[in-house]
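A.B. asks: What follows is a structure written as structure tokens; I'll ask about it next.
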Amino acid sequence: MKNLALFDLDHTLLPLDSDHEWGEFLARVGAVDGAAYRARNDAFFAQYNAGVLDPVEYLEFALGTLAGFPRHELESLHARYMREVIEPAIKPQALKLVREHQDAGDLVAIITATNHYITAPIAAAFGVEHHIAAMPERDADGKLTGRLAGTPTSGPGKITHMHAWLERLGQPFGSFGRSHFYSDSHNDIPLLSIVSHPVATNPSAALASHAQQQGWPTIQLFND
């Protein structure tokens, strides 16, 4: 019987938050008003860490920023962001964990609350085909509108999107022998609670406490 392996991305497979770092990158290279953008970006990040973030409000802030660039400029910025920020942050131990599940024949996916535009190239860099993320709306010409298409992929929304993805594959959740989910965040407790093998990975203090109460295993991929 096939097994399922799901991975959160930020602070789980990466030792950083790709969404927040994208904003920092834009400010650093002068693509946005640095002071104003950083203030909003940092405020949203603090709300996320406190578990009080409105995901739609944040996503439409992030997607609105993306929509403000011509497509060719946005692609150039993202390629530079991958080279300068993301690729140096992809650590061998994280790649090894993903490869172990792939080599075992598991169905592997990255499931993240960060938007699809930012994270699709990151999933590809990990060699992961299946990637579930918040989807940006596009107009008839394929241009980003700055709005969210559908519902966020955060908290309980990860469960909804996971089921929809598996249904499209014709492999319902109950058909797997074992299901793993690796995450660092207390925001992911809903999905961690329904898989057969939850793994608190580089966990926040809140998740570490919950994992200990539940008897879930804890691993640290990053010690620096």
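Ordered as shown in the structure tokens, chains take letters A, B, and onward, while each chain numbers its residues from 1 and ligands are numbered from 1 in the order shown.
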Write out as JSON, numbers by chain which residues come within 9 Å of segment 130-134 of chain A when counting only C-alpha atoms, dropping same-chain ones fewer than 2 positions away.
C.D. replies: {"A": [59, 107, 108, 109, 110, 111, 112, 113, 114, 115, 116, 117, 119, 120, 123, 124, 128, 136, 148, 149, 150, 151, 152, 153, 154, 158, 161, 162, 165]}
A.B. asks: Save out the residues we just selected, N, CA, C and O atoms, as a compact mmCIF listing (two decimals), in the first residue's frame.
C.D. replies:
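The file below, out.txt, is the result:
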# COMPACT_ATOMS: atom_id res chain seq x y z
N LEU A 59 -2.44 37.59 2.04
CA LEU A 59 -2.20 37.10 0.69
C LEU A 59 -2.49 38.18 -0.35
O LEU A 59 -1.78 38.32 -1.33
N LEU A 107 4.05 9.05 -2.17
CA LEU A 107 3.53 10.23 -2.86
C LEU A 107 3.92 11.44 -2.02
O LEU A 107 3.51 11.57 -0.86
N VAL A 108 4.72 12.32 -2.60
CA VAL A 108 5.31 13.44 -1.86
C VAL A 108 4.73 14.76 -2.36
O VAL A 108 4.61 14.98 -3.57
N ALA A 109 4.40 15.65 -1.43
CA ALA A 109 3.92 16.98 -1.80
C ALA A 109 4.40 18.00 -0.78
O ALA A 109 4.54 17.70 0.40
N ILE A 110 4.64 19.21 -1.26
CA ILE A 110 4.84 20.37 -0.40
C ILE A 110 3.51 21.10 -0.32
O ILE A 110 2.88 21.37 -1.34
N ILE A 111 3.08 21.41 0.90
CA ILE A 111 1.83 22.12 1.10
C ILE A 111 2.11 23.33 1.98
O ILE A 111 2.55 23.19 3.12
N THR A 112 1.88 24.51 1.42
CA THR A 112 2.33 25.74 2.07
C THR A 112 1.26 26.82 2.00
O THR A 112 0.49 26.88 1.03
N ALA A 113 1.25 27.67 3.02
CA ALA A 113 0.33 28.81 3.03
C ALA A 113 0.83 29.95 2.15
O ALA A 113 0.07 30.86 1.82
N THR A 114 2.10 29.91 1.78
CA THR A 114 2.67 30.95 0.93
C THR A 114 2.14 30.78 -0.49
O THR A 114 1.79 29.68 -0.92
N ASN A 115 2.08 31.88 -1.24
CA ASN A 115 1.42 31.81 -2.55
C ASN A 115 2.21 31.01 -3.58
O ASN A 115 3.43 30.88 -3.50
N HIS A 116 1.48 30.52 -4.55
CA HIS A 116 2.01 29.59 -5.55
C HIS A 116 3.10 30.23 -6.41
O HIS A 116 4.08 29.56 -6.78
N TYR A 117 2.94 31.51 -6.74
CA TYR A 117 3.93 32.14 -7.60
C TYR A 117 5.31 32.12 -6.95
O TYR A 117 6.32 31.80 -7.60
N THR A 119 6.37 30.12 -4.47
CA THR A 119 6.87 28.82 -4.01
C THR A 119 7.00 27.74 -5.08
O THR A 119 7.68 26.75 -4.85
N ALA A 120 6.38 27.92 -6.24
CA ALA A 120 6.49 26.88 -7.27
C ALA A 120 7.95 26.60 -7.66
O ALA A 120 8.37 25.44 -7.73
N ALA A 123 9.59 24.54 -4.81
CA ALA A 123 9.23 23.13 -4.84
C ALA A 123 10.03 22.41 -5.92
O ALA A 123 10.52 21.29 -5.71
N ALA A 124 10.17 23.05 -7.08
CA ALA A 124 10.95 22.45 -8.17
C ALA A 124 12.41 22.27 -7.77
O ALA A 124 13.04 21.27 -8.11
N VAL A 128 10.31 18.29 -6.05
CA VAL A 128 8.98 17.82 -5.67
C VAL A 128 7.97 18.25 -6.74
O VAL A 128 7.78 19.45 -6.99
N PRO A 136 -2.83 32.53 -6.88
CA PRO A 136 -3.15 33.89 -7.30
C PRO A 136 -4.15 33.89 -8.45
O PRO A 136 -4.10 33.02 -9.32
N LEU A 148 -6.68 36.78 -4.49
CA LEU A 148 -6.57 35.35 -4.22
C LEU A 148 -7.64 34.61 -5.00
O LEU A 148 -8.81 35.01 -5.00
N ALA A 149 -7.27 33.52 -5.64
CA ALA A 149 -8.24 32.64 -6.31
C ALA A 149 -8.58 31.50 -5.36
O ALA A 149 -7.71 30.75 -4.95
N GLY A 150 -9.85 31.39 -4.98
CA GLY A 150 -10.24 30.31 -4.07
C GLY A 150 -9.95 30.67 -2.63
O GLY A 150 -10.01 31.84 -2.23
N THR A 151 -9.59 29.67 -1.84
CA THR A 151 -9.43 29.85 -0.40
C THR A 151 -7.97 29.67 0.00
O THR A 151 -7.19 29.01 -0.70
N PRO A 152 -7.56 30.23 1.15
CA PRO A 152 -6.17 30.09 1.59
C PRO A 152 -5.80 28.64 1.90
O PRO A 152 -6.64 27.83 2.27
N THR A 153 -4.53 28.36 1.77
CA THR A 153 -3.98 27.03 2.12
C THR A 153 -3.28 27.12 3.46
O THR A 153 -2.09 26.82 3.58
N SER A 154 -4.01 27.55 4.47
CA SER A 154 -3.44 27.70 5.80
C SER A 154 -4.38 27.11 6.83
O SER A 154 -5.59 27.03 6.60
N LYS A 158 -5.47 23.72 4.80
CA LYS A 158 -4.54 22.73 4.23
C LYS A 158 -5.23 21.38 4.09
O LYS A 158 -4.96 20.64 3.14
N HIS A 161 -7.58 21.61 0.94
CA HIS A 161 -6.83 21.58 -0.31
C HIS A 161 -6.14 20.23 -0.52
O HIS A 161 -6.04 19.77 -1.67
N MET A 162 -5.69 19.60 0.55
CA MET A 162 -5.08 18.28 0.42
C MET A 162 -6.09 17.28 -0.12
O MET A 162 -5.79 16.51 -1.06
N TRP A 165 -6.78 17.89 -3.81
CA TRP A 165 -5.66 17.43 -4.64
C TRP A 165 -5.67 15.91 -4.77
O TRP A 165 -5.53 15.37 -5.89
A.B. asks: Report the residues of chain A whose backbone DSSP state falls under strand (DSSP E), written as a PyMOL selection string.
C.D. replies: chain A and resi 4-7+107-115+130-138+144-149+179-183+197-201+218-219
A.B. asks: Restrict the selected residues to N, CA and C atoms and save them as a short mmCIF file (atom, residue, chain, number, x, y, z; two decimals), in the first residue's frame.
C.D. replies:
data_model
loop_
_atom_site.label_atom_id
_atom_site.label_comp_id
_atom_site.auth_asym_id
_atom_site.auth_seq_id
_atom_site.Cartn_x
_atom_site.Cartn_y
_atom_site.Cartn_z
N LEU A 4 1.93 8.34 2.00
CA LEU A 4 1.84 9.76 1.67
C LEU A 4 2.81 10.53 2.56
N ALA A 5 3.55 11.48 1.97
CA ALA A 5 4.47 12.32 2.74
C ALA A 5 4.24 13.77 2.35
N LEU A 6 3.78 14.56 3.31
CA LEU A 6 3.50 15.98 3.11
C LEU A 6 4.51 16.81 3.89
N PHE A 7 4.93 17.91 3.28
CA PHE A 7 5.90 18.80 3.91
C PHE A 7 5.40 20.23 3.87
N LEU A 107 4.05 9.05 -2.17
CA LEU A 107 3.53 10.23 -2.86
C LEU A 107 3.92 11.44 -2.02
N VAL A 108 4.72 12.32 -2.60
CA VAL A 108 5.31 13.44 -1.86
C VAL A 108 4.73 14.76 -2.36
N ALA A 109 4.40 15.65 -1.43
CA ALA A 109 3.92 16.98 -1.80
C ALA A 109 4.40 18.00 -0.78
N ILE A 110 4.64 19.21 -1.26
CA ILE A 110 4.84 20.37 -0.40
C ILE A 110 3.51 21.10 -0.32
N ILE A 111 3.08 21.41 0.90
CA ILE A 111 1.83 22.12 1.10
C ILE A 111 2.11 23.33 1.98
N THR A 112 1.88 24.51 1.42
CA THR A 112 2.33 25.74 2.07
C THR A 112 1.26 26.82 2.00
N ALA A 113 1.25 27.67 3.02
CA ALA A 113 0.33 28.81 3.03
C ALA A 113 0.83 29.95 2.15
N THR A 114 2.10 29.91 1.78
CA THR A 114 2.67 30.95 0.93
C THR A 114 2.14 30.78 -0.49
N ASN A 115 2.08 31.88 -1.24
CA ASN A 115 1.42 31.81 -2.55
C ASN A 115 2.21 31.01 -3.58
N HIS A 130 4.56 17.64 -6.80
CA HIS A 130 3.25 18.07 -6.31
C HIS A 130 3.42 19.20 -5.29
N HIS A 131 2.69 20.26 -5.52
CA HIS A 131 2.90 21.51 -4.77
C HIS A 131 1.55 22.17 -4.56
N ILE A 132 1.14 22.28 -3.32
CA ILE A 132 -0.16 22.87 -2.97
C ILE A 132 0.11 24.20 -2.28
N ALA A 133 -0.42 25.29 -2.84
CA ALA A 133 -0.15 26.62 -2.31
C ALA A 133 -1.33 27.53 -2.63
N ALA A 134 -1.35 28.69 -1.98
CA ALA A 134 -2.40 29.67 -2.25
C ALA A 134 -2.29 30.14 -3.70
N MET A 135 -3.39 30.10 -4.42
CA MET A 135 -3.35 30.38 -5.84
C MET A 135 -3.70 31.84 -6.14
N PRO A 136 -2.83 32.53 -6.88
CA PRO A 136 -3.15 33.89 -7.30
C PRO A 136 -4.15 33.89 -8.45
N GLU A 137 -5.05 34.84 -8.43
CA GLU A 137 -5.98 35.00 -9.54
C GLU A 137 -5.25 35.63 -10.72
N ARG A 138 -5.63 35.21 -11.92
CA ARG A 138 -5.07 35.78 -13.14
C ARG A 138 -6.21 36.23 -14.05
N LEU A 144 -1.33 38.52 -13.28
CA LEU A 144 -1.78 38.49 -11.90
C LEU A 144 -2.67 39.69 -11.61
N THR A 145 -3.81 39.44 -10.96
CA THR A 145 -4.73 40.54 -10.64
C THR A 145 -4.46 41.15 -9.27
N GLY A 146 -3.72 40.44 -8.41
CA GLY A 146 -3.51 40.90 -7.05
C GLY A 146 -4.49 40.33 -6.06
N ARG A 147 -5.39 39.47 -6.55
CA ARG A 147 -6.37 38.85 -5.65
C ARG A 147 -6.11 37.35 -5.53
N LEU A 148 -6.68 36.78 -4.49
CA LEU A 148 -6.57 35.35 -4.22
C LEU A 148 -7.64 34.61 -5.00
N ALA A 149 -7.27 33.52 -5.64
CA ALA A 149 -8.24 32.64 -6.31
C ALA A 149 -8.58 31.50 -5.36
N SER A 179 0.53 8.05 6.49
CA SER A 179 0.55 9.44 6.03
C SER A 179 1.42 10.24 6.98
N HIS A 180 2.43 10.90 6.43
CA HIS A 180 3.34 11.74 7.20
C HIS A 180 3.06 13.21 6.90
N PHE A 181 3.22 14.05 7.90
CA PHE A 181 3.24 15.50 7.67
C PHE A 181 4.29 16.11 8.56
N TYR A 182 5.21 16.84 7.94
CA TYR A 182 6.29 17.52 8.63
C TYR A 182 6.00 19.02 8.67
N SER A 183 5.98 19.60 9.85
CA SER A 183 5.73 21.03 9.96
C SER A 183 6.38 21.59 11.22
N HIS A 197 1.29 9.83 10.92
CA HIS A 197 2.65 10.07 11.42
C HIS A 197 2.97 11.57 11.37
N PRO A 198 2.47 12.33 12.35
CA PRO A 198 2.84 13.75 12.42
C PRO A 198 4.25 13.90 12.96
N VAL A 199 5.01 14.83 12.38
CA VAL A 199 6.39 15.07 12.83
C VAL A 199 6.58 16.57 13.03
N ALA A 200 6.78 16.99 14.27
CA ALA A 200 7.09 18.39 14.55
C ALA A 200 8.53 18.64 14.13
N THR A 201 8.71 19.49 13.14
CA THR A 201 10.01 19.65 12.49
C THR A 201 10.52 21.07 12.73
N THR A 218 9.69 14.69 17.38
CA THR A 218 10.22 16.00 17.02
C THR A 218 11.59 15.82 16.41
N ILE A 219 11.86 16.53 15.30
CA ILE A 219 13.17 16.50 14.70
C ILE A 219 13.66 17.93 14.45
#
A.B. asks: What separation in Å, quoted to one decimal, exists between atom CA of Phe126 of chain A and atom CA of Val85 of chain A?
C.D. replies: 14.6 Å
A.B. asks: Using only C-alpha atoms, pick whichever of A:Met1, A:Glu100, A:Gly155, A:His163 has the shortest atom-to-atom distance to Asp54 of chain A.
C.D. replies: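 Comparing A:Met1, A:Glu100, A:Gly155, A:His163 against Asp54 of chain A, the winner is A:Gly155.
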A.B. asks: Using only C-alpha atoms, which protein or nucleic acid residues come within 9 Å of segment 30-43 of chain A? Drop anything in the same chain fewer than 5 positions from it, and give the result as a list in words.
C.D. replies: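 Those residues are His20, Gly23, Glu24, Phe25, Tyr48, Tyr58, Phe61, Ala62, Thr65 and Leu77 of chain A.
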A.B. asks: Here is a test: counting only C-alpha atoms, which residue of A:Arg71, A:Lys143, A:Arg168, A:Lys96 is nearest to Leu221 of chain A?
C.D. replies: A:Lys96
A.B. asks: Any idea what's packed within 12 Å of Ala208 of chain A, counting only C-alpha atoms, ignoring anything in its chain fewer than 3 positions away? Could you give it as a short mmCIF file (atom, residue, chain, number, x, y, z; two decimals) with N, CA, C and O atoms, in the first residue's frame?
C.D. replies:
data_model
loop_
_atom_site.label_atom_id
_atom_site.label_comp_id
_atom_site.auth_asym_id
_atom_site.auth_seq_id
_atom_site.Cartn_x
_atom_site.Cartn_y
_atom_site.Cartn_z
N SER A 183 5.98 19.60 9.85
CA SER A 183 5.73 21.03 9.96
C SER A 183 6.38 21.59 11.22
O SER A 183 6.55 20.89 12.22
N ASP A 184 6.68 22.90 11.14
CA ASP A 184 7.27 23.61 12.28
C ASP A 184 6.23 24.38 13.08
O ASP A 184 6.53 24.87 14.17
N SER A 185 5.01 24.53 12.54
CA SER A 185 4.11 25.58 13.04
C SER A 185 2.87 25.06 13.76
O SER A 185 2.23 24.10 13.31
N HIS A 186 2.51 25.75 14.83
CA HIS A 186 1.26 25.43 15.52
C HIS A 186 0.05 25.71 14.64
O HIS A 186 -1.03 25.16 14.86
N ILE A 189 -1.44 22.45 13.21
CA ILE A 189 -1.96 21.39 14.08
C ILE A 189 -3.17 20.67 13.48
O ILE A 189 -3.28 19.44 13.62
N VAL A 199 5.01 14.83 12.38
CA VAL A 199 6.39 15.07 12.83
C VAL A 199 6.58 16.57 13.03
O VAL A 199 6.54 17.34 12.06
N ALA A 200 6.78 16.99 14.27
CA ALA A 200 7.09 18.39 14.55
C ALA A 200 8.53 18.64 14.13
O ALA A 200 9.46 18.05 14.68
N THR A 201 8.71 19.49 13.14
CA THR A 201 10.01 19.65 12.49
C THR A 201 10.52 21.07 12.73
O THR A 201 9.89 22.03 12.31
N ASN A 202 11.64 21.20 13.41
CA ASN A 202 12.14 22.52 13.82
C ASN A 202 11.01 23.30 14.48
O ASN A 202 10.74 24.45 14.12
N PRO A 203 10.30 22.72 15.45
CA PRO A 203 9.02 23.30 15.86
C PRO A 203 9.16 24.61 16.63
O PRO A 203 10.12 24.84 17.36
N SER A 204 8.14 25.45 16.44
CA SER A 204 7.98 26.63 17.28
C SER A 204 7.73 26.16 18.71
O SER A 204 7.40 24.99 18.96
N ALA A 205 7.85 27.08 19.66
CA ALA A 205 7.63 26.71 21.06
C ALA A 205 6.23 26.15 21.27
O ALA A 205 6.03 25.16 21.99
N ALA A 211 3.29 18.99 20.65
CA ALA A 211 3.82 17.69 20.21
C ALA A 211 4.20 16.83 21.41
O ALA A 211 3.96 15.62 21.42
N GLN A 212 4.79 17.44 22.41
CA GLN A 212 5.16 16.69 23.61
C GLN A 212 3.92 16.13 24.30
O GLN A 212 3.90 14.97 24.73
N GLN A 213 2.86 16.93 24.39
CA GLN A 213 1.62 16.48 25.02
C GLN A 213 1.00 15.32 24.25
O GLN A 213 0.43 14.41 24.85
N GLN A 214 1.12 15.37 22.91
CA GLN A 214 0.50 14.34 22.07
C GLN A 214 1.40 13.13 21.84
O GLN A 214 0.96 12.13 21.27
N GLY A 215 2.65 13.23 22.26
CA GLY A 215 3.59 12.14 22.02
C GLY A 215 4.07 12.06 20.58
O GLY A 215 4.49 11.00 20.12
N TRP A 216 4.03 13.19 19.88
CA TRP A 216 4.50 13.22 18.50
C TRP A 216 6.03 13.33 18.48
O TRP A 216 6.62 14.01 19.32
N PRO A 217 6.68 12.71 17.51
CA PRO A 217 8.13 12.87 17.38
C PRO A 217 8.50 14.28 16.96
O PRO A 217 7.75 14.96 16.27
N THR A 218 9.69 14.69 17.38
CA THR A 218 10.22 16.00 17.02
C THR A 218 11.59 15.82 16.41
O THR A 218 12.40 15.02 16.90
N ILE A 219 11.86 16.53 15.30
CA ILE A 219 13.17 16.50 14.70
C ILE A 219 13.66 17.93 14.45
O ILE A 219 12.86 18.85 14.31
N GLN A 220 14.96 18.09 14.43
CA GLN A 220 15.59 19.36 14.12
C GLN A 220 16.44 19.19 12.88
O GLN A 220 17.43 18.46 12.90
#
A.B. asks: Which of these residues is nearest to Leu97 of chain A, using only C-alpha atoms: A:Leu74, A:Ile194, A:Leu26, A:Thr12?
C.D. replies: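 Closest to Leu97 of chain A, using only C-alpha atoms: A:Thr12.
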A.B. asks: Quick one: residues within 7 Å of Pro15 of chain A, only C-alpha atoms counted, chain neighbours fewer than 3 positions away excluded, as a list in words?
C.D. replies: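 That gives Asp10, His11, Thr12, Ala89 and Phe222 of chain A.
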